[in-house]
>>> print(open('upload.csv').read())   # CSV, C-alpha atoms
chain,number,residue,atom,x,y,z
A,1,MET,CA,131.7,135.1,129.7
A,2,ARG,CA,128.9,135.4,132.2
A,3,ASN,CA,129.0,139.2,131.9
A,4,TYR,CA,128.0,139.4,128.2
A,5,LEU,CA,124.3,140.1,128.3
A,6,VAL,CA,123.7,139.3,124.6
A,7,LEU,CA,125.6,136.0,124.8
A,8,ARG,CA,123.7,135.0,127.9
A,9,VAL,CA,120.3,135.7,126.4
A,10,VAL,CA,121.1,134.1,123.1
A,11,ALA,CA,122.4,131.0,125.0
A,12,LYS,CA,119.3,130.8,127.0
A,13,ILE,CA,117.1,131.0,123.9
A,14,MET,CA,119.2,128.6,121.9
A,15,ILE,CA,120.0,125.7,124.3
A,16,PRO,CA,116.4,124.4,124.6
A,17,PHE,CA,116.2,124.3,120.8
A,18,MET,CA,119.5,122.5,120.6
A,19,LEU,CA,118.3,119.9,123.1
A,20,LEU,CA,115.0,119.6,121.2
A,21,TYR,CA,116.8,119.2,117.9
A,22,ALA,CA,118.9,116.5,119.5
A,23,LEU,CA,115.8,114.6,120.6
A,24,TYR,CA,114.4,115.1,117.0
A,25,VAL,CA,117.6,113.6,115.5
A,26,GLN,CA,117.4,110.8,118.0
A,27,PHE,CA,113.8,109.8,117.6
A,28,HIS,CA,113.5,110.7,113.9
A,29,GLY,CA,116.7,108.8,113.0
A,30,ASP,CA,114.5,105.9,111.7
A,31,TYR,CA,113.0,108.1,109.1
A,32,GLY,CA,115.5,110.9,108.3
A,33,PRO,CA,119.2,111.4,108.7
A,34,GLY,CA,120.7,111.1,112.2
A,35,GLY,CA,120.6,108.6,115.0
A,36,GLY,CA,122.1,108.0,118.4
A,37,PHE,CA,125.6,109.1,117.7
A,38,GLN,CA,124.6,112.5,116.2
A,39,ALA,CA,122.0,113.1,118.9
A,40,GLY,CA,124.5,112.4,121.7
A,41,VAL,CA,127.0,114.8,120.2
A,42,ILE,CA,124.4,117.5,119.9
A,43,ILE,CA,123.3,117.0,123.5
A,44,ALA,CA,126.9,117.3,124.6
A,45,ALA,CA,127.5,120.3,122.4
A,46,ALA,CA,124.5,122.1,124.0
A,47,ILE,CA,125.8,121.5,127.5
A,48,ILE,CA,129.3,122.5,126.5
A,49,PHE,CA,127.8,125.7,125.1
A,50,TYR,CA,126.2,126.2,128.4
A,51,ALA,CA,129.4,125.6,130.2
A,52,ILE,CA,131.3,128.1,128.0
A,53,VAL,CA,128.8,130.9,128.6
A,54,PHE,CA,127.8,130.3,132.2
A,55,GLY,CA,131.0,128.8,133.5
A,56,LEU,CA,132.2,125.3,134.2
A,57,ALA,CA,131.1,125.3,137.8
A,58,THR,CA,127.5,126.1,136.9
A,59,ALA,CA,127.4,123.4,134.2
A,60,ARG,CA,128.8,120.9,136.7
A,61,ARG,CA,125.9,121.8,139.0
A,62,VAL,CA,123.3,121.3,136.3
A,63,VAL,CA,124.9,118.1,134.9
A,64,PRO,CA,127.0,116.7,137.8
A,65,ASP,CA,130.0,114.4,137.2
A,66,TRP,CA,128.4,111.3,138.7
A,67,LEU,CA,125.6,111.6,136.2
A,68,VAL,CA,128.0,112.0,133.3
A,69,GLU,CA,130.1,109.0,134.4
A,70,THR,CA,126.9,106.9,134.9
A,71,CYS,CA,125.8,107.8,131.4
A,72,LEU,CA,129.2,106.7,130.1
A,73,ALA,CA,128.7,103.1,131.3
A,74,ALA,CA,124.9,103.0,131.1
A,75,GLY,CA,124.8,103.4,127.3
A,76,VAL,CA,127.0,100.4,126.7
A,77,LEU,CA,125.0,98.4,129.3
A,78,ILE,CA,121.7,99.4,127.6
A,79,TYR,CA,123.1,98.2,124.2
A,80,ALA,CA,124.4,94.9,125.6
A,81,GLY,CA,121.2,94.6,127.6
A,82,VAL,CA,119.1,94.6,124.5
A,83,GLY,CA,121.3,91.8,123.2
A,84,LEU,CA,120.9,89.8,126.4
A,85,VAL,CA,117.1,90.3,126.4
A,86,GLY,CA,117.2,88.8,122.9
A,87,ILE,CA,118.9,85.7,124.3
A,88,LEU,CA,116.5,85.5,127.2
A,89,LEU,CA,113.5,85.6,124.8
A,90,GLY,CA,114.9,82.8,122.8
A,91,GLY,CA,116.8,84.5,120.0
A,92,ASN,CA,120.5,85.1,119.3
A,93,PHE,CA,122.6,87.9,120.8
A,94,LEU,CA,121.3,91.2,119.4
A,95,ASP,CA,118.4,89.5,117.7
A,96,TYR,CA,115.5,92.0,117.6
A,97,PHE,CA,112.9,89.8,116.0
A,98,VAL,CA,112.0,88.2,119.3
A,99,LEU,CA,111.4,91.5,121.2
A,100,ASP,CA,107.8,91.7,120.0
A,101,ARG,CA,105.1,89.4,118.7
A,102,ASP,CA,105.4,91.1,115.4
A,103,PRO,CA,109.0,90.7,114.1
A,104,VAL,CA,109.0,94.1,112.4
A,105,ALA,CA,107.8,95.8,115.5
A,106,GLY,CA,110.5,93.9,117.4
A,107,GLN,CA,113.1,95.2,115.1
A,108,HIS,CA,111.8,98.7,115.6
A,109,ARG,CA,111.9,98.3,119.4
A,110,GLY,CA,115.4,96.9,119.3
A,111,ILE,CA,116.8,99.6,117.1
A,112,PHE,CA,115.1,102.3,119.3
A,113,TRP,CA,116.9,101.0,122.5
A,114,VAL,CA,120.2,100.4,120.8
A,115,GLU,CA,120.2,104.0,119.4
A,116,ALA,CA,119.3,105.2,122.9
A,117,GLY,CA,122.3,103.4,124.3
A,118,VAL,CA,124.6,104.8,121.7
A,119,CYS,CA,123.2,108.3,122.4
A,120,VAL,CA,123.7,108.1,126.2
A,121,THR,CA,127.3,106.8,125.9
A,122,VAL,CA,128.4,109.3,123.3
A,123,ALA,CA,126.9,112.3,125.2
A,124,GLY,CA,128.5,111.1,128.4
A,125,VAL,CA,132.0,110.6,126.8
A,126,MET,CA,132.0,113.9,125.0
A,127,LEU,CA,130.9,115.8,128.1
A,128,LYS,CA,133.4,113.9,130.3
A,129,ILE,CA,136.3,114.7,128.0
A,130,PHE,CA,135.3,118.3,127.9
A,131,TYR,CA,134.9,118.5,131.7
A,132,MET,CA,138.4,116.9,132.1
A,133,PHE,CA,140.1,119.4,129.7
A,134,ALA,CA,138.3,122.4,131.0
A,135,GLY,CA,138.8,121.3,134.6
A,136,ARG,CA,142.6,121.0,134.2
A,137,ARG,CA,142.8,124.4,132.7
A,138,ARG,CA,141.2,125.9,135.8
A,139,GLU,CA,143.5,124.1,138.1
A,140,ASP,CA,146.5,125.2,136.2
A,141,ASP,CA,145.3,128.8,136.5
A,142,ASP,CA,145.0,128.4,140.2
A,143,ALA,CA,148.4,127.0,140.5
B,1,MET,CA,139.0,124.9,98.3
B,2,MET,CA,139.9,122.1,100.7
B,3,ALA,CA,143.3,122.0,99.2
B,4,VAL,CA,143.7,125.7,99.9
B,5,VAL,CA,142.7,125.2,103.5
B,6,THR,CA,145.2,122.3,103.8
B,7,VAL,CA,148.1,124.4,102.5
B,8,ALA,CA,147.1,127.2,104.8
B,9,ILE,CA,147.1,124.8,107.8
B,10,ALA,CA,150.6,123.6,106.8
B,11,VAL,CA,152.0,127.1,106.3
B,12,GLN,CA,150.3,128.7,109.3
B,13,GLY,CA,152.4,129.0,112.5
B,14,ASN,CA,149.7,130.3,114.8
B,15,LEU,CA,148.0,127.3,116.4
B,16,PHE,CA,144.8,129.2,117.0
B,17,ALA,CA,144.5,129.9,113.3
B,18,VAL,CA,145.3,126.2,112.6
B,19,VAL,CA,142.4,125.1,114.9
B,20,VAL,CA,140.0,127.5,113.2
B,21,LEU,CA,141.2,126.4,109.7
B,22,GLY,CA,140.7,122.8,110.8
B,23,SER,CA,137.1,123.6,111.7
B,24,ILE,CA,136.6,125.2,108.3
B,25,TYR,CA,138.1,122.1,106.7
B,26,SER,CA,135.6,119.9,108.6
B,27,PHE,CA,132.7,122.1,107.4
B,28,LEU,CA,133.9,121.8,103.8
B,29,MET,CA,134.2,118.1,104.2
B,30,ALA,CA,130.6,118.0,105.6
B,31,THR,CA,129.4,119.9,102.5
B,32,ALA,CA,131.2,117.5,100.2
B,33,LEU,CA,129.5,114.6,102.0
B,34,VAL,CA,126.1,116.2,101.6
B,35,ALA,CA,126.9,116.6,97.9
B,36,LEU,CA,127.6,112.8,97.9
B,37,ASP,CA,124.2,112.1,99.5
B,38,ALA,CA,125.8,110.8,102.7
B,39,VAL,CA,123.8,113.0,105.0
B,40,ASP,CA,124.3,110.9,108.1
B,41,VAL,CA,128.1,111.1,107.8
B,42,ALA,CA,127.9,114.8,107.0
B,43,MET,CA,126.0,115.4,110.2
B,44,THR,CA,128.5,113.5,112.2
B,45,GLU,CA,131.4,115.3,110.5
B,46,ALA,CA,129.8,118.8,111.2
B,47,SER,CA,129.0,118.1,114.8
B,48,VAL,CA,132.1,116.1,115.8
B,49,GLY,CA,134.8,117.4,113.5
B,50,ALA,CA,133.8,121.0,113.3
B,51,GLY,CA,132.1,121.3,116.7
B,52,ILE,CA,133.3,119.2,119.6
B,53,SER,CA,136.9,118.6,118.4
B,54,THR,CA,137.4,122.3,117.8
B,55,VAL,CA,136.3,123.1,121.3
B,56,LEU,CA,138.6,120.4,122.7
B,57,LEU,CA,141.5,121.6,120.6
B,58,LEU,CA,140.9,125.2,121.8
B,59,GLY,CA,140.9,123.8,125.4
B,60,ALA,CA,144.2,122.0,124.8
B,61,LEU,CA,145.6,125.2,123.2
B,62,HIS,CA,144.9,127.1,126.4
B,63,LEU,CA,147.4,124.7,128.1
B,64,VAL,CA,150.2,125.1,125.6
B,65,ARG,CA,151.7,128.1,123.9
B,66,GLY,CA,149.8,129.5,120.9
B,67,GLU,CA,152.8,129.4,118.5
B,68,GLU,CA,154.2,126.4,116.6
B,69,GLN,CA,157.8,125.7,117.5
B,70,LYS,CA,160.4,125.8,114.8
B,71,PRO,CA,161.2,122.3,113.6
B,72,ARG,CA,164.7,121.1,114.6
B,73,GLY,CA,165.9,119.9,111.2
B,74,ARG,CA,164.7,120.2,107.6
B,75,PRO,CA,161.7,117.8,107.3
B,76,TRP,CA,162.9,116.3,104.0
B,77,LEU,CA,162.4,112.7,105.0
B,78,PRO,CA,158.8,113.1,106.2
B,79,LEU,CA,158.1,115.1,103.0
B,80,ALA,CA,159.5,112.4,100.8
B,81,ALA,CA,157.5,109.7,102.8
B,82,SER,CA,154.2,111.7,102.3
B,83,VAL,CA,154.9,112.3,98.6
B,84,VAL,CA,155.6,108.6,98.0
B,85,MET,CA,152.5,107.6,100.1
B,86,ALA,CA,150.3,110.0,98.2
B,87,GLY,CA,151.7,108.6,94.9
B,88,VAL,CA,150.9,105.1,95.9
B,89,LEU,CA,147.4,106.1,97.0
B,90,VAL,CA,146.7,107.9,93.7
B,91,TYR,CA,148.1,104.9,91.8
B,92,GLY,CA,145.7,102.8,93.8
B,93,THR,CA,142.7,104.9,92.8
B,94,PHE,CA,143.3,103.8,89.1
B,95,GLY,CA,142.2,100.3,90.1
B,96,LEU,CA,138.9,101.5,91.6
B,97,PRO,CA,135.7,101.3,89.6
B,98,GLY,CA,134.4,104.6,88.2
B,99,PHE,CA,132.6,107.1,90.4
B,100,SER,CA,128.9,106.1,90.9
B,101,ASP,CA,129.3,103.0,88.8
B,102,ALA,CA,126.3,100.8,89.7
B,103,GLY,CA,128.2,97.7,88.6
B,104,ALA,CA,131.0,98.1,91.1
B,105,PRO,CA,131.7,95.1,93.3
B,106,ILE,CA,130.6,96.9,96.5
B,107,HIS,CA,127.1,97.3,95.1
B,108,GLN,CA,126.8,93.6,94.2
B,109,HIS,CA,127.3,91.8,97.5
B,110,VAL,CA,124.8,92.6,100.3
B,111,VAL,CA,123.7,96.1,99.2
B,112,PRO,CA,120.8,94.9,97.0
B,113,ARG,CA,119.4,92.9,99.9
B,114,TYR,CA,119.7,95.8,102.3
B,115,LEU,CA,118.1,98.3,99.9
B,116,ASN,CA,115.3,95.9,98.8
B,117,ASP,CA,114.4,94.2,102.1
B,118,ALA,CA,115.4,96.6,104.9
B,119,VAL,CA,112.0,98.4,105.0
B,120,ARG,CA,110.1,95.2,104.9
B,121,GLU,CA,112.3,93.4,107.5
B,122,THR,CA,112.9,96.2,110.0
B,123,GLY,CA,110.1,98.7,109.3
B,124,VAL,CA,112.8,101.5,109.3
B,125,PRO,CA,112.7,103.7,106.1
B,126,ASN,CA,116.3,105.1,106.8
B,127,VAL,CA,118.4,102.2,105.5
B,128,VAL,CA,121.5,103.7,107.1
B,129,THR,CA,119.9,103.3,110.6
B,130,ALA,CA,118.6,99.9,109.7
B,131,VAL,CA,122.1,98.7,108.7
B,132,LEU,CA,123.8,100.4,111.6
B,133,ALA,CA,121.6,99.2,114.4
B,134,SER,CA,120.2,95.9,113.1
B,135,TYR,CA,122.2,94.2,110.3
B,136,ARG,CA,125.5,95.4,111.7
B,137,GLY,CA,124.5,95.5,115.4
B,138,TYR,CA,127.6,93.8,116.5
B,139,ASP,CA,129.8,96.4,114.8
B,140,THR,CA,127.9,99.2,116.4
B,141,LEU,CA,128.1,97.6,119.8
B,142,GLY,CA,131.9,97.4,119.2
B,143,GLU,CA,132.0,101.1,118.2
B,144,THR,CA,130.0,102.1,121.3
B,145,THR,CA,132.5,100.1,123.4
B,146,VAL,CA,135.4,101.9,121.7
B,147,VAL,CA,133.8,105.3,122.5
B,148,PHE,CA,133.3,104.2,126.1
B,149,THR,CA,136.9,102.9,126.3
B,150,ALA,CA,138.1,106.3,125.0
B,151,GLY,CA,136.2,108.1,127.7
B,152,ALA,CA,137.4,105.7,130.4
B,153,GLY,CA,140.9,106.1,129.2
B,154,VAL,CA,140.7,109.9,129.3
B,155,ILE,CA,139.3,109.7,132.8
B,156,ALA,CA,142.1,107.3,133.9
B,157,LEU,CA,144.8,109.5,132.5
B,158,LEU,CA,143.7,112.9,133.6
B,159,ARG,CA,142.3,111.9,137.0
B,160,ARG,CA,145.4,110.1,138.2
B,161,ARG,CA,147.5,113.1,137.2
B,162,ARG,CA,145.3,115.4,139.3
B,163,ARG,CA,145.6,113.1,142.4
B,164,ASP,CA,149.4,112.9,142.0
B,165,ARG,CA,149.6,116.7,142.1
B,166,ARG,CA,147.4,116.8,145.2
B,167,ASP,CA,149.6,114.2,146.9
B,168,GLY,CA,152.6,116.4,145.9
B,169,ASP,CA,151.0,119.4,147.5
B,170,VAL,CA,150.5,117.5,150.7
B,171,ARG,CA,154.1,116.4,150.8
>>> encode(input="upload.csv", output="structure tokens")
Amino acid sequence: MRNYLVLRVVAKIMIPFMLLYALYVQFHGDYGPGGGFQAGVIIAAAIIFYAIVFGLATARRVVPDWLVETCLAAGVLIYAGVGLVGILLGGNFLDYFVLDRDPVAGQHRGIFWVEAGVCVTVAGVMLKIFYMFAGRRREDDDA
Amino acid sequence: MMAVVTVAIAVQGNLFAVVVLGSIYSFLMATALVALDAVDVAMTEASVGAGISTVLLLGALHLVRGEEQKPRGRPWLPLAASVVMAGVLVYGTFGLPGFSDAGAPIHQHVVPRYLNDAVRETGVPNVVTAVLASYRGYDTLGETTVVFTAGAGVIALLRRRRRDRRDGDVR
């Protein structure tokens, strides 16, 4: 679809706003609807949109496979890491009260990092599945 | 309206139309969830159900033929099973408390504590986020692990297949 001028321009205009909206959903999840899962999906959707319009190879250059696979595991590790930090600081696993001198601020910090972990993993998994499906299609066409 | 879409999905033989109708169904579902004040769930339904899964289904559709195959026999047994199951579920709803009944058991257990104390204890005004990430942190960790496992499973399945083919080409 690279040859459709209108699609290309619209995609270029929209993708930054999609990513910005994902960040809004991520960081405003404490106050409004949304959170890590939704933000991760929106990030993945923006990149999938990019891949559909500009081609899978271009998208793979922008967001390479190793980055996606690292995200896949990194999110879970961030989440579990927050839990382990809680243990190290003298609380229970996934205890956020100990992350800051003020327990409420500690809760806030814990929730922030946990949501970040969820977002990273979800974005990675969605993108990876899309890459896998789309990549197979291209190979079958070659064959 | 959702019932109409469901019937259309069942009747329709063209798989492309089925995918599009499924996407429409997801959007209707998201609208219903907004009407029920479950904005977080509605957001997830719209983005995952209507967005990503539609794209993935279209990608899968590219690999298979676009028409549904004629079933081998008459599907009377599955039809009977679904009708019986639907009957049991509808019968089960008679035992549920009335819609938006504040005295329902689910609103008596931990919900008052979450609603009253969440802002004070976590400093997060969105109680859904507070419950998800803090009170039910273990569950969310489990969910994240499930998502990760799903991704790892897809990688394991599809990548091995590709390597096999390449080996086959070499031979």
>>> residues_near_point(input="upload.csv", point="(131.9, 112.0, 105.5)", cutoff="9 Å", atoms="all atoms listed in the file", output="number ranges by chain")
B: 29-34, 36, 38-45
>>> residues_around(input="upload.csv", residues="stretch 56-66 of chain B", least_positions_apart="4", cutoff="12 Å", atoms="only C-alpha atoms", output="short mmCIF file (atom, residue, chain, number, x, y, z; two decimals) with C-alpha atoms, keeping the file's coordinate frame")
data_model
loop_
_atom_site.label_atom_id
_atom_site.label_comp_id
_atom_site.auth_asym_id
_atom_site.auth_seq_id
_atom_site.Cartn_x
_atom_site.Cartn_y
_atom_site.Cartn_z
CA ALA A 45 127.50 120.30 122.40
CA ILE A 48 129.30 122.50 126.50
CA ILE A 52 131.30 128.10 128.00
CA MET A 126 132.00 113.90 125.00
CA LEU A 127 130.90 115.80 128.10
CA LYS A 128 133.40 113.90 130.30
CA ILE A 129 136.30 114.70 128.00
CA PHE A 130 135.30 118.30 127.90
CA TYR A 131 134.90 118.50 131.70
CA MET A 132 138.40 116.90 132.10
CA PHE A 133 140.10 119.40 129.70
CA ALA A 134 138.30 122.40 131.00
CA GLY A 135 138.80 121.30 134.60
CA ARG A 136 142.60 121.00 134.20
CA ARG A 137 142.80 124.40 132.70
CA ARG A 138 141.20 125.90 135.80
CA GLU A 139 143.50 124.10 138.10
CA ASP A 140 146.50 125.20 136.20
CA ASP A 141 145.30 128.80 136.50
CA GLN B 12 150.30 128.70 109.30
CA GLY B 13 152.40 129.00 112.50
CA ASN B 14 149.70 130.30 114.80
CA LEU B 15 148.00 127.30 116.40
CA PHE B 16 144.80 129.20 117.00
CA ALA B 17 144.50 129.90 113.30
CA VAL B 18 145.30 126.20 112.60
CA VAL B 19 142.40 125.10 114.90
CA VAL B 20 140.00 127.50 113.20
CA LEU B 21 141.20 126.40 109.70
CA GLY B 22 140.70 122.80 110.80
CA SER B 23 137.10 123.60 111.70
CA VAL B 48 132.10 116.10 115.80
CA GLY B 49 134.80 117.40 113.50
CA ALA B 50 133.80 121.00 113.30
CA GLY B 51 132.10 121.30 116.70
CA ILE B 52 133.30 119.20 119.60
#
>>> residues_around(input="upload.csv", residues="A:Phe27", least_positions_apart="5", cutoff="12 Å", atoms="all atoms listed in the file", output="compact mmCIF listing (two decimals) with C-alpha atoms, in the coordinates of the input")
# COMPACT_ATOMS: atom_id res chain seq x y z
CA LEU A 20 115.00 119.60 121.20
CA TYR A 21 116.80 119.20 117.90
CA ALA A 22 118.90 116.50 119.50
CA GLY A 32 115.50 110.90 108.30
CA PRO A 33 119.20 111.40 108.70
CA GLY A 34 120.70 111.10 112.20
CA GLY A 35 120.60 108.60 115.00
CA GLY A 36 122.10 108.00 118.40
CA PHE A 37 125.60 109.10 117.70
CA GLN A 38 124.60 112.50 116.20
CA ALA A 39 122.00 113.10 118.90
CA GLY A 40 124.50 112.40 121.70
CA HIS A 108 111.80 98.70 115.60
CA ARG A 109 111.90 98.30 119.40
CA ILE A 111 116.80 99.60 117.10
CA PHE A 112 115.10 102.30 119.30
CA TRP A 113 116.90 101.00 122.50
CA VAL A 114 120.20 100.40 120.80
CA GLU A 115 120.20 104.00 119.40
CA ALA A 116 119.30 105.20 122.90
CA CYS A 119 123.20 108.30 122.40
CA VAL B 124 112.80 101.50 109.30
CA THR B 129 119.90 103.30 110.60
>>> axis_aligned_box(input="upload.csv", around="stretch 74-86 of chain B", padding_each_side="6 Å", output="AutoDock Vina command-line options")
--center_x 157.5 --center_y 113.9 --center_z 102.8 --size_x 26.4 --size_y 24.6 --size_z 21.6
>>> closest_atom_pairs(input="upload.csv", of="chain B", to="chain A", cutoff="6 Å", atoms="only C-alpha atoms", output="tab-separated table")
residue	atom	partner	partner_atom	distance
B:Asp40	CA	A:Pro33	CA	5.2
B:Thr44	CA	A:Gln38	CA	5.7
B:Glu121	CA	A:Val104	CA	5.9
B:Thr122	CA	A:Val104	CA	5.0
B:Gly123	CA	A:Val104	CA	5.7
B:Val124	CA	A:Asp30	CA	5.3
B:Pro125	CA	A:Tyr31	CA	5.3
B:Asn126	CA	A:Tyr31	CA	5.0
B:Ala133	CA	A:Ile111	CA	5.5
B:Gly151	CA	A:Val125	CA	5.0
>>> atom_distance(input="upload.csv", atom1="atom CA of B:Val128", atom2="atom CA of B:Gly142")
17.2 Å
>>> atom_distance(input="upload.csv", atom1="atom CA of B:Phe27", atom2="atom CA of A:Val25")
19.1 Å
>>> closest_residue(input="upload.csv", among="A:Val53, A:Ile78, A:Ile43, A:Val68", to="A:Lys12", atoms="only C-alpha atoms")
A:Val53
>>> atom_distance(input="upload.csv", atom1="atom CA of A:Gly81", atom2="atom CA of B:Tyr138")
12.8 Å
>>> build_atoms(input="upload.csv", residues="stretch 119-134 of chain A", atoms="N, CA, C and O atoms", output="PDB file, in the coordinates of the input")
ATOM      1  N   CYS A 119     123.377 106.908 122.075  1.00  0.00           N
ATOM      2  CA  CYS A 119     123.200 108.300 122.400  1.00  0.00           C
ATOM      3  C   CYS A 119     123.744 108.630 123.787  1.00  0.00           C
ATOM      4  O   CYS A 119     124.524 109.561 123.994  1.00  0.00           O
ATOM      5  N   VAL A 120     123.337 107.813 124.758  1.00  0.00           N
ATOM      6  CA  VAL A 120     123.700 108.100 126.200  1.00  0.00           C
ATOM      7  C   VAL A 120     125.219 107.985 126.327  1.00  0.00           C
ATOM      8  O   VAL A 120     125.853 108.870 126.920  1.00  0.00           O
ATOM      9  N   THR A 121     125.830 106.939 125.754  1.00  0.00           N
ATOM     10  CA  THR A 121     127.300 106.800 125.900  1.00  0.00           C
ATOM     11  C   THR A 121     128.029 107.936 125.242  1.00  0.00           C
ATOM     12  O   THR A 121     128.939 108.529 125.836  1.00  0.00           O
ATOM     13  N   VAL A 122     127.636 108.262 124.000  1.00  0.00           N
ATOM     14  CA  VAL A 122     128.400 109.300 123.300  1.00  0.00           C
ATOM     15  C   VAL A 122     128.258 110.647 123.989  1.00  0.00           C
ATOM     16  O   VAL A 122     129.267 111.351 124.188  1.00  0.00           O
ATOM     17  N   ALA A 123     127.041 110.999 124.432  1.00  0.00           N
ATOM     18  CA  ALA A 123     126.900 112.300 125.200  1.00  0.00           C
ATOM     19  C   ALA A 123     127.743 112.270 126.403  1.00  0.00           C
ATOM     20  O   ALA A 123     128.436 113.257 126.696  1.00  0.00           O
ATOM     21  N   GLY A 124     127.739 111.142 127.133  1.00  0.00           N
ATOM     22  CA  GLY A 124     128.500 111.100 128.400  1.00  0.00           C
ATOM     23  C   GLY A 124     130.004 111.234 128.096  1.00  0.00           C
ATOM     24  O   GLY A 124     130.683 112.013 128.768  1.00  0.00           O
ATOM     25  N   VAL A 125     130.523 110.515 127.071  1.00  0.00           N
ATOM     26  CA  VAL A 125     132.000 110.600 126.800  1.00  0.00           C
ATOM     27  C   VAL A 125     132.392 111.952 126.377  1.00  0.00           C
ATOM     28  O   VAL A 125     133.379 112.507 126.892  1.00  0.00           O
ATOM     29  N   MET A 126     131.632 112.567 125.444  1.00  0.00           N
ATOM     30  CA  MET A 126     132.000 113.900 125.000  1.00  0.00           C
ATOM     31  C   MET A 126     132.034 114.901 126.109  1.00  0.00           C
ATOM     32  O   MET A 126     132.965 115.683 126.259  1.00  0.00           O
ATOM     33  N   LEU A 127     130.988 114.840 126.944  1.00  0.00           N
ATOM     34  CA  LEU A 127     130.900 115.800 128.100  1.00  0.00           C
ATOM     35  C   LEU A 127     132.065 115.544 129.037  1.00  0.00           C
ATOM     36  O   LEU A 127     132.697 116.480 129.521  1.00  0.00           O
ATOM     37  N   LYS A 128     132.343 114.255 129.297  1.00  0.00           N
ATOM     38  CA  LYS A 128     133.400 113.900 130.300  1.00  0.00           C
ATOM     39  C   LYS A 128     134.729 114.446 129.809  1.00  0.00           C
ATOM     40  O   LYS A 128     135.478 115.036 130.583  1.00  0.00           O
ATOM     41  N   ILE A 129     135.026 114.219 128.518  1.00  0.00           N
ATOM     42  CA  ILE A 129     136.300 114.700 128.000  1.00  0.00           C
ATOM     43  C   ILE A 129     136.396 116.208 128.113  1.00  0.00           C
ATOM     44  O   ILE A 129     137.416 116.755 128.535  1.00  0.00           O
ATOM     45  N   PHE A 130     135.292 116.881 127.778  1.00  0.00           N
ATOM     46  CA  PHE A 130     135.300 118.300 127.900  1.00  0.00           C
ATOM     47  C   PHE A 130     135.512 118.780 129.337  1.00  0.00           C
ATOM     48  O   PHE A 130     136.334 119.658 129.621  1.00  0.00           O
ATOM     49  N   TYR A 131     134.780 118.158 130.255  1.00  0.00           N
ATOM     50  CA  TYR A 131     134.900 118.500 131.700  1.00  0.00           C
ATOM     51  C   TYR A 131     136.384 118.317 132.098  1.00  0.00           C
ATOM     52  O   TYR A 131     136.948 119.135 132.816  1.00  0.00           O
ATOM     53  N   MET A 132     136.996 117.191 131.653  1.00  0.00           N
ATOM     54  CA  MET A 132     138.400 116.900 132.100  1.00  0.00           C
ATOM     55  C   MET A 132     139.323 117.989 131.558  1.00  0.00           C
ATOM     56  O   MET A 132     140.131 118.519 132.324  1.00  0.00           O
ATOM     57  N   PHE A 133     139.191 118.337 130.269  1.00  0.00           N
ATOM     58  CA  PHE A 133     140.100 119.400 129.700  1.00  0.00           C
ATOM     59  C   PHE A 133     139.872 120.688 130.399  1.00  0.00           C
ATOM     60  O   PHE A 133     140.814 121.322 130.859  1.00  0.00           O
ATOM     61  N   ALA A 134     138.596 121.102 130.482  1.00  0.00           N
ATOM     62  CA  ALA A 134     138.300 122.400 131.000  1.00  0.00           C
ATOM     63  C   ALA A 134     138.695 122.457 132.523  1.00  0.00           C
ATOM     64  O   ALA A 134     139.214 123.461 133.009  1.00  0.00           O
TER      65      ALA A 134
END
